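Enquirer: Following this line is entry_38.json, made up of JSON, N, CA, C and O atoms:
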```
[["chain", "number", "residue", "atom", "x", "y", "z"],
["D", 1, "HIS", "N", -37.94, -127.43, -101.42],
["D", 1, "HIS", "CA", -37.86, -128.72, -102.09],
["D", 1, "HIS", "C", -39.24, -129.13, -102.55],
["D", 1, "HIS", "O", -40.21, -128.98, -101.84],
["D", 2, "MET", "N", -39.28, -129.69, -103.76],
["D", 2, "MET", "CA", -40.55, -130.15, -104.32],
["D", 2, "MET", "C", -40.28, -131.33, -105.24],
["D", 2, "MET", "O", -39.13, -131.60, -105.58],
["D", 3, "SER", "N", -41.33, -132.00, -105.64],
["D", 3, "SER", "CA", -41.18, -133.15, -106.53],
["D", 3, "SER", "C", -40.68, -132.67, -107.90],
["D", 3, "SER", "O", -40.83, -131.50, -108.27],
["D", 4, "GLU", "N", -40.09, -133.61, -108.64],
["D", 4, "GLU", "CA", -39.58, -133.27, -109.97],
["D", 4, "GLU", "C", -40.71, -132.84, -110.90],
["D", 4, "GLU", "O", -40.53, -131.93, -111.70],
["D", 5, "GLN", "N", -41.87, -133.48, -110.79],
["D", 5, "GLN", "CA", -42.99, -133.13, -111.65],
["D", 5, "GLN", "C", -43.48, -131.71, -111.36],
["D", 5, "GLN", "O", -43.75, -130.94, -112.29],
["D", 6, "LYS", "N", -43.59, -131.37, -110.08],
["D", 6, "LYS", "CA", -44.04, -130.04, -109.71],
["D", 6, "LYS", "C", -43.02, -128.99, -110.15],
["D", 6, "LYS", "O", -43.38, -127.93, -110.66],
["D", 7, "ALA", "N", -41.74, -129.30, -109.99],
["D", 7, "ALA", "CA", -40.69, -128.39, -110.42],
["D", 7, "ALA", "C", -40.74, -128.19, -111.93],
["D", 7, "ALA", "O", -40.56, -127.08, -112.43],
["D", 8, "ASN", "N", -41.00, -129.28, -112.66],
["D", 8, "ASN", "CA", -41.10, -129.18, -114.12],
["D", 8, "ASN", "C", -42.28, -128.30, -114.52],
["D", 8, "ASN", "O", -42.16, -127.45, -115.41],
["D", 9, "LEU", "N", -43.43, -128.48, -113.87],
["D", 9, "LEU", "CA", -44.60, -127.65, -114.19],
["D", 9, "LEU", "C", -44.34, -126.18, -113.86],
["D", 9, "LEU", "O", -44.74, -125.29, -114.62],
["D", 10, "GLU", "N", -43.66, -125.93, -112.76],
["D", 10, "GLU", "CA", -43.34, -124.54, -112.42],
["D", 10, "GLU", "C", -42.38, -123.94, -113.45],
["D", 10, "GLU", "O", -42.54, -122.79, -113.86],
["D", 11, "ALA", "N", -41.41, -124.72, -113.88],
["D", 11, "ALA", "CA", -40.48, -124.25, -114.90],
["D", 11, "ALA", "C", -41.20, -123.98, -116.22],
["D", 11, "ALA", "O", -40.89, -123.02, -116.93],
["D", 12, "VAL", "N", -42.19, -124.82, -116.55],
["D", 12, "VAL", "CA", -42.97, -124.62, -117.78],
["D", 12, "VAL", "C", -43.73, -123.29, -117.71],
["D", 12, "VAL", "O", -43.79, -122.55, -118.69],
["D", 13, "VAL", "N", -44.29, -122.98, -116.55],
["D", 13, "VAL", "CA", -45.01, -121.71, -116.39],
["D", 13, "VAL", "C", -44.06, -120.54, -116.67],
["D", 13, "VAL", "O", -44.39, -119.61, -117.42],
["D", 14, "TYR", "N", -42.86, -120.58, -116.11],
["D", 14, "TYR", "CA", -41.89, -119.51, -116.35],
["D", 14, "TYR", "C", -41.45, -119.48, -117.81],
["D", 14, "TYR", "O", -41.27, -118.42, -118.40],
["D", 15, "PHE", "N", -41.29, -120.66, -118.40],
["D", 15, "PHE", "CA", -40.90, -120.76, -119.81],
["D", 15, "PHE", "C", -41.96, -120.09, -120.69],
["D", 15, "PHE", "O", -41.63, -119.34, -121.61],
["D", 16, "VAL", "N", -43.22, -120.35, -120.41],
["D", 16, "VAL", "CA", -44.32, -119.74, -121.16],
["D", 16, "VAL", "C", -44.31, -118.22, -120.96],
["D", 16, "VAL", "O", -44.43, -117.45, -121.92],
["D", 17, "LEU", "N", -44.17, -117.79, -119.71],
["D", 17, "LEU", "CA", -44.18, -116.35, -119.44],
["D", 17, "LEU", "C", -43.04, -115.62, -120.14],
["D", 17, "LEU", "O", -43.19, -114.46, -120.53],
["D", 18, "LEU", "N", -41.92, -116.29, -120.33],
["D", 18, "LEU", "CA", -40.80, -115.68, -121.04],
["D", 18, "LEU", "C", -41.03, -115.61, -122.54],
["D", 18, "LEU", "O", -40.48, -114.75, -123.22],
["D", 19, "HIS", "N", -41.87, -116.51, -123.08],
["D", 19, "HIS", "CA", -42.07, -116.54, -124.52],
["D", 19, "HIS", "C", -43.30, -115.77, -125.00],
["D", 19, "HIS", "O", -43.37, -115.39, -126.17],
["D", 20, "VAL", "N", -44.26, -115.54, -124.13],
["D", 20, "VAL", "CA", -45.48, -114.82, -124.54],
["D", 20, "VAL", "C", -45.18, -113.39, -125.01],
["D", 20, "VAL", "O", -45.76, -112.95, -126.00],
["D", 21, "PRO", "N", -44.28, -112.64, -124.37],
["D", 21, "PRO", "CA", -44.04, -111.28, -124.86],
["D", 21, "PRO", "C", -43.59, -111.22, -126.31],
["D", 21, "PRO", "O", -43.88, -110.24, -127.01],
["D", 22, "ALA", "N", -42.93, -112.25, -126.80],
["D", 22, "ALA", "CA", -42.51, -112.26, -128.20],
["D", 22, "ALA", "C", -43.72, -112.19, -129.13],
["D", 22, "ALA", "O", -43.68, -111.54, -130.18],
["D", 23, "TYR", "N", -44.81, -112.85, -128.74],
["D", 23, "TYR", "CA", -46.02, -112.80, -129.57],
["D", 23, "TYR", "C", -46.56, -111.37, -129.60],
["D", 23, "TYR", "O", -46.99, -110.88, -130.64],
["D", 24, "PHE", "N", -46.54, -110.69, -128.46],
["D", 24, "PHE", "CA", -47.07, -109.33, -128.42],
["D", 24, "PHE", "C", -46.22, -108.35, -129.21],
["D", 24, "PHE", "O", -46.72, -107.37, -129.74],
["D", 25, "VAL", "N", -44.93, -108.63, -129.34],
["D", 25, "VAL", "CA", -44.08, -107.82, -130.21],
["D", 25, "VAL", "C", -44.54, -107.97, -131.65],
["D", 25, "VAL", "O", -44.67, -106.99, -132.39],
["D", 26, "HIS", "N", -44.80, -109.21, -132.06],
["D", 26, "HIS", "CA", -45.31, -109.44, -133.42],
["D", 26, "HIS", "C", -46.66, -108.74, -133.61],
["D", 26, "HIS", "O", -46.92, -108.16, -134.66],
["D", 27, "TRP", "N", -47.51, -108.83, -132.61],
["D", 27, "TRP", "CA", -48.82, -108.17, -132.68],
["D", 27, "TRP", "C", -48.65, -106.67, -132.87],
["D", 27, "TRP", "O", -49.30, -106.05, -133.69],
["D", 28, "TYR", "N", -47.76, -106.07, -132.10],
["D", 28, "TYR", "CA", -47.50, -104.63, -132.19],
["D", 28, "TYR", "C", -46.98, -104.26, -133.58],
["D", 28, "TYR", "O", -47.41, -103.29, -134.18],
["D", 29, "LEU", "N", -46.05, -105.06, -134.10],
["D", 29, "LEU", "CA", -45.46, -104.76, -135.40],
["D", 29, "LEU", "C", -46.43, -104.99, -136.55],
["D", 29, "LEU", "O", -46.43, -104.24, -137.53],
["D", 30, "GLU", "N", -47.27, -106.03, -136.45],
["D", 30, "GLU", "CA", -48.21, -106.35, -137.52],
["D", 30, "GLU", "C", -49.52, -105.59, -137.38],
["D", 30, "GLU", "O", -50.24, -105.40, -138.36],
["D", 31, "GLY", "N", -49.87, -105.19, -136.18],
["D", 31, "GLY", "CA", -51.12, -104.49, -135.95],
["D", 31, "GLY", "C", -52.34, -105.38, -135.95],
["D", 31, "GLY", "O", -53.46, -104.90, -135.97],
["D", 32, "ILE", "N", -52.13, -106.69, -135.96],
["D", 32, "ILE", "CA", -53.24, -107.64, -135.98],
["D", 32, "ILE", "C", -53.06, -108.63, -134.83],
["D", 32, "ILE", "O", -52.01, -109.25, -134.69],
["D", 33, "PHE", "N", -54.10, -108.75, -134.00],
["D", 33, "PHE", "CA", -54.06, -109.71, -132.90],
["D", 33, "PHE", "C", -54.75, -110.99, -133.35],
["D", 33, "PHE", "O", -55.90, -110.96, -133.78],
["D", 34, "ARG", "N", -54.06, -112.08, -133.26],
["D", 34, "ARG", "CA", -54.60, -113.38, -133.67],
["D", 34, "ARG", "C", -54.64, -114.32, -132.48],
["D", 34, "ARG", "O", -53.60, -114.82, -132.04],
["D", 35, "TRP", "N", -55.85, -114.57, -131.95],
["D", 35, "TRP", "CA", -56.01, -115.47, -130.80],
["D", 35, "TRP", "C", -55.52, -116.87, -131.12],
["D", 35, "TRP", "O", -54.88, -117.51, -130.30],
["D", 36, "GLN", "N", -55.84, -117.34, -132.33],
["D", 36, "GLN", "CA", -55.44, -118.70, -132.71],
["D", 36, "GLN", "C", -53.93, -118.84, -132.70],
["D", 36, "GLN", "O", -53.38, -119.84, -132.23],
["D", 37, "ALA", "N", -53.23, -117.84, -133.21],
["D", 37, "ALA", "CA", -51.76, -117.89, -133.23],
["D", 37, "ALA", "C", -51.21, -117.89, -131.81],
["D", 37, "ALA", "O", -50.25, -118.60, -131.51],
["D", 38, "LEU", "N", -51.81, -117.09, -130.94],
["D", 38, "LEU", "CA", -51.36, -117.04, -129.55],
["D", 38, "LEU", "C", -51.58, -118.39, -128.88],
["D", 38, "LEU", "O", -50.69, -118.91, -128.19],
["D", 39, "LEU", "N", -52.74, -118.98, -129.07],
["D", 39, "LEU", "CA", -53.02, -120.30, -128.46],
["D", 39, "LEU", "C", -52.10, -121.37, -129.01],
["D", 39, "LEU", "O", -51.61, -122.22, -128.27],
["D", 40, "ASN", "N", -51.83, -121.33, -130.33],
["D", 40, "ASN", "CA", -50.90, -122.29, -130.92],
["D", 40, "ASN", "C", -49.52, -122.16, -130.30],
["D", 40, "ASN", "O", -48.87, -123.16, -129.99],
["D", 41, "GLN", "N", -49.07, -120.92, -130.14],
["D", 41, "GLN", "CA", -47.76, -120.69, -129.55],
["D", 41, "GLN", "C", -47.72, -121.19, -128.11],
["D", 41, "GLN", "O", -46.74, -121.83, -127.70],
["D", 42, "LEU", "N", -48.78, -120.92, -127.35],
["D", 42, "LEU", "CA", -48.80, -121.37, -125.95],
["D", 42, "LEU", "C", -48.74, -122.89, -125.86],
["D", 42, "LEU", "O", -47.99, -123.43, -125.03],
["D", 43, "VAL", "N", -49.50, -123.58, -126.69],
["D", 43, "VAL", "CA", -49.48, -125.05, -126.67],
["D", 43, "VAL", "C", -48.10, -125.56, -127.05],
["D", 43, "VAL", "O", -47.55, -126.47, -126.41],
["D", 44, "PHE", "N", -47.49, -124.96, -128.07],
["D", 44, "PHE", "CA", -46.16, -125.37, -128.53],
["D", 44, "PHE", "C", -45.12, -125.16, -127.42],
["D", 44, "PHE", "O", -44.30, -126.03, -127.15],
["D", 45, "VAL", "N", -45.17, -124.01, -126.77],
["D", 45, "VAL", "CA", -44.20, -123.69, -125.72],
["D", 45, "VAL", "C", -44.39, -124.59, -124.50],
["D", 45, "VAL", "O", -43.42, -125.04, -123.90],
["D", 46, "VAL", "N", -45.64, -124.86, -124.13],
["D", 46, "VAL", "CA", -45.89, -125.76, -123.00],
["D", 46, "VAL", "C", -45.35, -127.16, -123.31],
["D", 46, "VAL", "O", -44.67, -127.78, -122.49],
["D", 47, "ALA", "N", -45.63, -127.64, -124.52],
["D", 47, "ALA", "CA", -45.14, -128.97, -124.91],
["D", 47, "ALA", "C", -43.62, -129.02, -124.88],
["D", 47, "ALA", "O", -43.02, -129.96, -124.35],
["D", 48, "LEU", "N", -42.98, -127.99, -125.43],
["D", 48, "LEU", "CA", -41.52, -127.97, -125.42],
["D", 48, "LEU", "C", -40.98, -127.89, -124.00],
["D", 48, "LEU", "O", -40.00, -128.55, -123.66],
["D", 49, "GLY", "N", -41.61, -127.11, -123.16],
["D", 49, "GLY", "CA", -41.18, -127.00, -121.77],
["D", 49, "GLY", "C", -41.24, -128.35, -121.06],
["D", 49, "GLY", "O", -40.33, -128.70, -120.30],
["D", 50, "LEU", "N", -42.29, -129.10, -121.30],
["D", 50, "LEU", "CA", -42.40, -130.43, -120.70],
["D", 50, "LEU", "C", -41.32, -131.37, -121.24],
["D", 50, "LEU", "O", -40.73, -132.15, -120.49],
["D", 51, "VAL", "N", -41.05, -131.28, -122.53],
["D", 51, "VAL", "CA", -39.98, -132.10, -123.12],
["D", 51, "VAL", "C", -38.63, -131.73, -122.54],
["D", 51, "VAL", "O", -37.83, -132.60, -122.20],
["D", 52, "PHE", "N", -38.37, -130.43, -122.40],
["D", 52, "PHE", "CA", -37.09, -130.00, -121.83],
["D", 52, "PHE", "C", -36.93, -130.50, -120.41],
["D", 52, "PHE", "O", -35.83, -130.94, -120.02],
["D", 53, "GLY", "N", -37.99, -130.44, -119.63],
["D", 53, "GLY", "CA", -37.93, -130.96, -118.26],
["D", 53, "GLY", "C", -37.66, -132.45, -118.23],
["D", 53, "GLY", "O", -36.87, -132.94, -117.42],
["D", 54, "TYR", "N", -38.32, -133.19, -119.13],
["D", 54, "TYR", "CA", -38.10, -134.63, -119.22],
["D", 54, "TYR", "C", -36.64, -134.93, -119.59],
["D", 54, "TYR", "O", -36.00, -135.79, -118.98],
["D", 55, "LEU", "N", -36.12, -134.20, -120.58],
["D", 55, "LEU", "CA", -34.73, -134.41, -121.00],
["D", 55, "LEU", "C", -33.76, -134.12, -119.86],
["D", 55, "LEU", "O", -32.77, -134.84, -119.68],
["D", 56, "PHE", "N", -34.05, -133.08, -119.10],
["D", 56, "PHE", "CA", -33.18, -132.75, -117.97],
["D", 56, "PHE", "C", -33.22, -133.86, -116.91],
["D", 56, "PHE", "O", -32.19, -134.29, -116.41],
["D", 57, "ARG", "N", -34.43, -134.32, -116.57],
["D", 57, "ARG", "CA", -34.55, -135.37, -115.56],
["D", 57, "ARG", "C", -33.86, -136.66, -116.02],
["D", 57, "ARG", "O", -33.22, -137.35, -115.23],
["D", 58, "LYS", "N", -34.00, -136.98, -117.30],
["D", 58, "LYS", "CA", -33.43, -138.22, -117.82],
["D", 58, "LYS", "C", -31.90, -138.16, -117.88],
["D", 58, "LYS", "O", -31.23, -139.14, -117.56],
["D", 59, "ASN", "N", -31.35, -137.02, -118.29],
["D", 59, "ASN", "CA", -29.91, -136.92, -118.53],
["D", 59, "ASN", "C", -29.14, -136.23, -117.41],
["D", 59, "ASN", "O", -27.91, -136.24, -117.41],
["D", 60, "ARG", "N", -29.87, -135.56, -116.49],
["D", 60, "ARG", "CA", -29.23, -134.79, -115.42],
["D", 60, "ARG", "C", -28.23, -133.77, -115.98],
["D", 60, "ARG", "O", -27.19, -133.50, -115.40],
["D", 61, "SER", "N", -28.58, -133.24, -117.15],
["D", 61, "SER", "CA", -27.77, -132.22, -117.80],
["D", 61, "SER", "C", -28.70, -131.30, -118.58],
["D", 61, "SER", "O", -29.70, -131.75, -119.14],
["D", 62, "ILE", "N", -28.36, -130.02, -118.64],
["D", 62, "ILE", "CA", -29.18, -129.08, -119.38],
["D", 62, "ILE", "C", -28.84, -129.07, -120.87],
["D", 62, "ILE", "O", -29.60, -128.57, -121.69],
["D", 63, "LEU", "N", -27.71, -129.67, -121.24],
["D", 63, "LEU", "CA", -27.25, -129.65, -122.62],
["D", 63, "LEU", "C", -28.27, -130.25, -123.60],
["D", 63, "LEU", "O", -28.53, -129.63, -124.65],
["D", 64, "PRO", "N", -28.86, -131.42, -123.35],
["D", 64, "PRO", "CA", -29.85, -131.95, -124.30],
["D", 64, "PRO", "C", -31.05, -130.99, -124.48],
["D", 64, "PRO", "O", -31.54, -130.84, -125.60],
["D", 65, "SER", "N", -31.47, -130.34, -123.41],
["D", 65, "SER", "CA", -32.57, -129.38, -123.53],
["D", 65, "SER", "C", -32.15, -128.18, -124.35],
["D", 65, "SER", "O", -32.92, -127.66, -125.16],
["D", 66, "MET", "N", -30.92, -127.72, -124.17],
["D", 66, "MET", "CA", -30.43, -126.58, -124.93],
["D", 66, "MET", "C", -30.36, -126.93, -126.42],
["D", 66, "MET", "O", -30.76, -126.12, -127.27],
["D", 67, "LEU", "N", -29.87, -128.10, -126.74],
["D", 67, "LEU", "CA", -29.77, -128.51, -128.14],
["D", 67, "LEU", "C", -31.15, -128.69, -128.76],
["D", 67, "LEU", "O", -31.36, -128.31, -129.93],
["D", 68, "THR", "N", -32.08, -129.23, -128.00],
["D", 68, "THR", "CA", -33.45, -129.37, -128.50],
["D", 68, "THR", "C", -34.09, -128.02, -128.71],
["D", 68, "THR", "O", -34.80, -127.79, -129.70],
["D", 69, "HIS", "N", -33.85, -127.10, -127.80],
["D", 69, "HIS", "CA", -34.38, -125.73, -127.94],
["D", 69, "HIS", "C", -33.82, -125.09, -129.21],
["D", 69, "HIS", "O", -34.56, -124.47, -129.99],
["D", 70, "PHE", "N", -32.52, -125.22, -129.43],
["D", 70, "PHE", "CA", -31.92, -124.69, -130.64],
["D", 70, "PHE", "C", -32.56, -125.31, -131.88],
["D", 70, "PHE", "O", -32.90, -124.61, -132.83],
["D", 71, "GLY", "N", -32.73, -126.63, -131.86],
["D", 71, "GLY", "CA", -33.34, -127.31, -133.01],
["D", 71, "GLY", "C", -34.76, -126.85, -133.27],
["D", 71, "GLY", "O", -35.15, -126.61, -134.42],
["D", 72, "ALA", "N", -35.55, -126.68, -132.20],
["D", 72, "ALA", "CA", -36.94, -126.22, -132.36],
["D", 72, "ALA", "C", -36.97, -124.80, -132.91],
["D", 72, "ALA", "O", -37.77, -124.49, -133.81],
["D", 73, "ASP", "N", -36.10, -123.94, -132.40],
["D", 73, "ASP", "CA", -36.04, -122.57, -132.91],
["D", 73, "ASP", "C", -35.60, -122.55, -134.37],
["D", 73, "ASP", "O", -36.15, -121.81, -135.19],
["D", 74, "PHE", "N", -34.61, -123.35, -134.71],
["D", 74, "PHE", "CA", -34.09, -123.40, -136.07],
["D", 74, "PHE", "C", -35.18, -123.86, -137.04],
["D", 74, "PHE", "O", -35.39, -123.26, -138.10],
["D", 75, "ILE", "N", -35.90, -124.91, -136.67],
["D", 75, "ILE", "CA", -36.97, -125.41, -137.53],
["D", 75, "ILE", "C", -38.09, -124.39, -137.66],
["D", 75, "ILE", "O", -38.63, -124.18, -138.75],
["D", 76, "SER", "N", -38.41, -123.72, -136.55],
["D", 76, "SER", "CA", -39.45, -122.67, -136.60],
["D", 76, "SER", "C", -39.06, -121.55, -137.57],
["D", 76, "SER", "O", -39.89, -121.07, -138.34],
["D", 77, "VAL", "N", -37.81, -121.14, -137.51],
["D", 77, "VAL", "CA", -37.35, -120.08, -138.42],
["D", 77, "VAL", "C", -37.42, -120.56, -139.87],
["D", 77, "VAL", "O", -37.83, -119.81, -140.76],
["D", 78, "LEU", "N", -37.06, -121.81, -140.10],
["D", 78, "LEU", "CA", -37.14, -122.33, -141.47],
["D", 78, "LEU", "C", -38.58, -122.37, -141.98],
["D", 78, "LEU", "O", -38.85, -122.04, -143.13],
["D", 79, "ILE", "N", -39.51, -122.76, -141.09],
["D", 79, "ILE", "CA", -40.91, -122.85, -141.50],
["D", 79, "ILE", "C", -41.51, -121.47, -141.68],
["D", 79, "ILE", "O", -42.16, -121.19, -142.68],
["D", 80, "ILE", "N", -41.30, -120.59, -140.72],
["D", 80, "ILE", "CA", -41.90, -119.26, -140.77],
["D", 80, "ILE", "C", -41.19, -118.39, -141.80],
["D", 80, "ILE", "O", -41.83, -117.66, -142.56],
["D", 81, "GLY", "N", -39.88, -118.48, -141.83],
["D", 81, "GLY", "CA", -39.11, -117.62, -142.73],
["D", 81, "GLY", "C", -39.09, -118.13, -144.16],
["D", 81, "GLY", "O", -38.69, -117.43, -145.08],
["D", 82, "GLY", "N", -39.50, -119.37, -144.38],
["D", 82, "GLY", "CA", -39.41, -119.99, -145.70],
["D", 82, "GLY", "C", -40.53, -119.71, -146.55],
["D", 82, "GLY", "O", -40.96, -118.97, -147.25]]
```
Could you rewrite the structure in this file as C-alpha cells?
Expert:
Amino acid sequence: HMSEQKANLEAVVYFVLLHVPAYFVHWYLEGIFRWQALLNQLVFVVALGLVFGYLFRKNRSILPSMLTHFGADFISVLIIGG
C-alpha cells in the first residue's frame, strides 16, 4: 500500500519505460539518433502519465484515461503523419 501520488509516479515510470522502446525502433529504422526528439517524447509521455493518473483518481475509472490516450495518439498521428 502506498499513497496515490506515489502510485501515480510509479505508474508514470512504467508508462515511460513502455514507450521509450518505440523511439529506438524509429532510431533503428531512420539510422539517426536525435537526443532532442527523445527528450521531447519523454517529457510528453511523463506529462500524459500524470494526466492519466489524475483522471483515474478523479473518476475512479480507467475509461477516461483510455479515451485520453486514444485522443493523444490520434492527434500525434495526425501531426506526424500529416
Enquirer: Between D:Leu39, D:Glu30, D:Tyr23, D:Asn8, which residue has the minimum interatomic distance to D:Phe52, considering only N, CA, C and O atoms?
Expert: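 Distance minimum relative to D:Phe52 lands on D:Asn8.
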Enquirer: Between atom O of D:Leu67 and atom O of D:Val51, what is the distance, to one decimal in Å?
Expert: 11.0 Å
Enquirer: As an exercise, work out the distance from atom C of D:Tyr54 to atom O of D:Phe70 in Å and give it to one decimal place.
Expert: 17.2 Å
Enquirer: If you measure from atom CA of D:Phe24 to atom CA of D:Ala7, what distance in Å do you get, rounded to one decimal?
Expert: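 Going from atom CA of D:Phe24 over to atom CA of D:Ala7, I get 27.0 Å.
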Enquirer: Tell me, as a list in words, which residues lie within 12 Å of stretch 41-46 of chain D, counting only C-alpha atoms; anything in the same chain fewer than 6 positions away does not count.
Expert: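 The residues satisfying every condition are Asn8, Leu9, Glu10, Ala11, Val12, Val13, Tyr14, Phe15, Val16, Leu17, Leu18, His19, Val20, Pro21, Ala22, Tyr23, Phe24, Arg34, Trp35, Phe52, Gly53, His69, Ala72, Asp73 and Ser76 of chain D.
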Enquirer: Could you dump the residues just selected with N, CA, C and O atoms as an mmCIF file, in the coordinates of the input?
Expert:
```cif
data_model
loop_
_atom_site.group_PDB
_atom_site.id
_atom_site.type_symbol
_atom_site.label_atom_id
_atom_site.label_comp_id
_atom_site.auth_asym_id
_atom_site.auth_seq_id
_atom_site.Cartn_x
_atom_site.Cartn_y
_atom_site.Cartn_z
ATOM 1 N N ASN D 8 -41.000 -129.280 -112.660
ATOM 2 C CA ASN D 8 -41.100 -129.180 -114.120
ATOM 3 C C ASN D 8 -42.280 -128.300 -114.520
ATOM 4 O O ASN D 8 -42.160 -127.450 -115.410
ATOM 5 N N LEU D 9 -43.430 -128.480 -113.870
ATOM 6 C CA LEU D 9 -44.600 -127.650 -114.190
ATOM 7 C C LEU D 9 -44.340 -126.180 -113.860
ATOM 8 O O LEU D 9 -44.740 -125.290 -114.620
ATOM 9 N N GLU D 10 -43.660 -125.930 -112.760
ATOM 10 C CA GLU D 10 -43.340 -124.540 -112.420
ATOM 11 C C GLU D 10 -42.380 -123.940 -113.450
ATOM 12 O O GLU D 10 -42.540 -122.790 -113.860
ATOM 13 N N ALA D 11 -41.410 -124.720 -113.880
ATOM 14 C CA ALA D 11 -40.480 -124.250 -114.900
ATOM 15 C C ALA D 11 -41.200 -123.980 -116.220
ATOM 16 O O ALA D 11 -40.890 -123.020 -116.930
ATOM 17 N N VAL D 12 -42.190 -124.820 -116.550
ATOM 18 C CA VAL D 12 -42.970 -124.620 -117.780
ATOM 19 C C VAL D 12 -43.730 -123.290 -117.710
ATOM 20 O O VAL D 12 -43.790 -122.550 -118.690
ATOM 21 N N VAL D 13 -44.290 -122.980 -116.550
ATOM 22 C CA VAL D 13 -45.010 -121.710 -116.390
ATOM 23 C C VAL D 13 -44.060 -120.540 -116.670
ATOM 24 O O VAL D 13 -44.390 -119.610 -117.420
ATOM 25 N N TYR D 14 -42.860 -120.580 -116.110
ATOM 26 C CA TYR D 14 -41.890 -119.510 -116.350
ATOM 27 C C TYR D 14 -41.450 -119.480 -117.810
ATOM 28 O O TYR D 14 -41.270 -118.420 -118.400
ATOM 29 N N PHE D 15 -41.290 -120.660 -118.400
ATOM 30 C CA PHE D 15 -40.900 -120.760 -119.810
ATOM 31 C C PHE D 15 -41.960 -120.090 -120.690
ATOM 32 O O PHE D 15 -41.630 -119.340 -121.610
ATOM 33 N N VAL D 16 -43.220 -120.350 -120.410
ATOM 34 C CA VAL D 16 -44.320 -119.740 -121.160
ATOM 35 C C VAL D 16 -44.310 -118.220 -120.960
ATOM 36 O O VAL D 16 -44.430 -117.450 -121.920
ATOM 37 N N LEU D 17 -44.170 -117.790 -119.710
ATOM 38 C CA LEU D 17 -44.180 -116.350 -119.440
ATOM 39 C C LEU D 17 -43.040 -115.620 -120.140
ATOM 40 O O LEU D 17 -43.190 -114.460 -120.530
ATOM 41 N N LEU D 18 -41.920 -116.290 -120.330
ATOM 42 C CA LEU D 18 -40.800 -115.680 -121.040
ATOM 43 C C LEU D 18 -41.030 -115.610 -122.540
ATOM 44 O O LEU D 18 -40.480 -114.750 -123.220
ATOM 45 N N HIS D 19 -41.870 -116.510 -123.080
ATOM 46 C CA HIS D 19 -42.070 -116.540 -124.520
ATOM 47 C C HIS D 19 -43.300 -115.770 -125.000
ATOM 48 O O HIS D 19 -43.370 -115.390 -126.170
ATOM 49 N N VAL D 20 -44.260 -115.540 -124.130
ATOM 50 C CA VAL D 20 -45.480 -114.820 -124.540
ATOM 51 C C VAL D 20 -45.180 -113.390 -125.010
ATOM 52 O O VAL D 20 -45.760 -112.950 -126.000
ATOM 53 N N PRO D 21 -44.280 -112.640 -124.370
ATOM 54 C CA PRO D 21 -44.040 -111.280 -124.860
ATOM 55 C C PRO D 21 -43.590 -111.220 -126.310
ATOM 56 O O PRO D 21 -43.880 -110.240 -127.010
ATOM 57 N N ALA D 22 -42.930 -112.250 -126.800
ATOM 58 C CA ALA D 22 -42.510 -112.260 -128.200
ATOM 59 C C ALA D 22 -43.720 -112.190 -129.130
ATOM 60 O O ALA D 22 -43.680 -111.540 -130.180
ATOM 61 N N TYR D 23 -44.810 -112.850 -128.740
ATOM 62 C CA TYR D 23 -46.020 -112.800 -129.570
ATOM 63 C C TYR D 23 -46.560 -111.370 -129.600
ATOM 64 O O TYR D 23 -46.990 -110.880 -130.640
ATOM 65 N N PHE D 24 -46.540 -110.690 -128.460
ATOM 66 C CA PHE D 24 -47.070 -109.330 -128.420
ATOM 67 C C PHE D 24 -46.220 -108.350 -129.210
ATOM 68 O O PHE D 24 -46.720 -107.370 -129.740
ATOM 69 N N ARG D 34 -54.060 -112.080 -133.260
ATOM 70 C CA ARG D 34 -54.600 -113.380 -133.670
ATOM 71 C C ARG D 34 -54.640 -114.320 -132.480
ATOM 72 O O ARG D 34 -53.600 -114.820 -132.040
ATOM 73 N N TRP D 35 -55.850 -114.570 -131.950
ATOM 74 C CA TRP D 35 -56.010 -115.470 -130.800
ATOM 75 C C TRP D 35 -55.520 -116.870 -131.120
ATOM 76 O O TRP D 35 -54.880 -117.510 -130.300
ATOM 77 N N PHE D 52 -38.370 -130.430 -122.400
ATOM 78 C CA PHE D 52 -37.090 -130.000 -121.830
ATOM 79 C C PHE D 52 -36.930 -130.500 -120.410
ATOM 80 O O PHE D 52 -35.830 -130.940 -120.020
ATOM 81 N N GLY D 53 -37.990 -130.440 -119.630
ATOM 82 C CA GLY D 53 -37.930 -130.960 -118.260
ATOM 83 C C GLY D 53 -37.660 -132.450 -118.230
ATOM 84 O O GLY D 53 -36.870 -132.940 -117.420
ATOM 85 N N HIS D 69 -33.850 -127.100 -127.800
ATOM 86 C CA HIS D 69 -34.380 -125.730 -127.940
ATOM 87 C C HIS D 69 -33.820 -125.090 -129.210
ATOM 88 O O HIS D 69 -34.560 -124.470 -129.990
ATOM 89 N N ALA D 72 -35.550 -126.680 -132.200
ATOM 90 C CA ALA D 72 -36.940 -126.220 -132.360
ATOM 91 C C ALA D 72 -36.970 -124.800 -132.910
ATOM 92 O O ALA D 72 -37.770 -124.490 -133.810
ATOM 93 N N ASP D 73 -36.100 -123.940 -132.400
ATOM 94 C CA ASP D 73 -36.040 -122.570 -132.910
ATOM 95 C C ASP D 73 -35.600 -122.550 -134.370
ATOM 96 O O ASP D 73 -36.150 -121.810 -135.190
ATOM 97 N N SER D 76 -38.410 -123.720 -136.550
ATOM 98 C CA SER D 76 -39.450 -122.670 -136.600
ATOM 99 C C SER D 76 -39.060 -121.550 -137.570
ATOM 100 O O SER D 76 -39.890 -121.070 -138.340
#
```
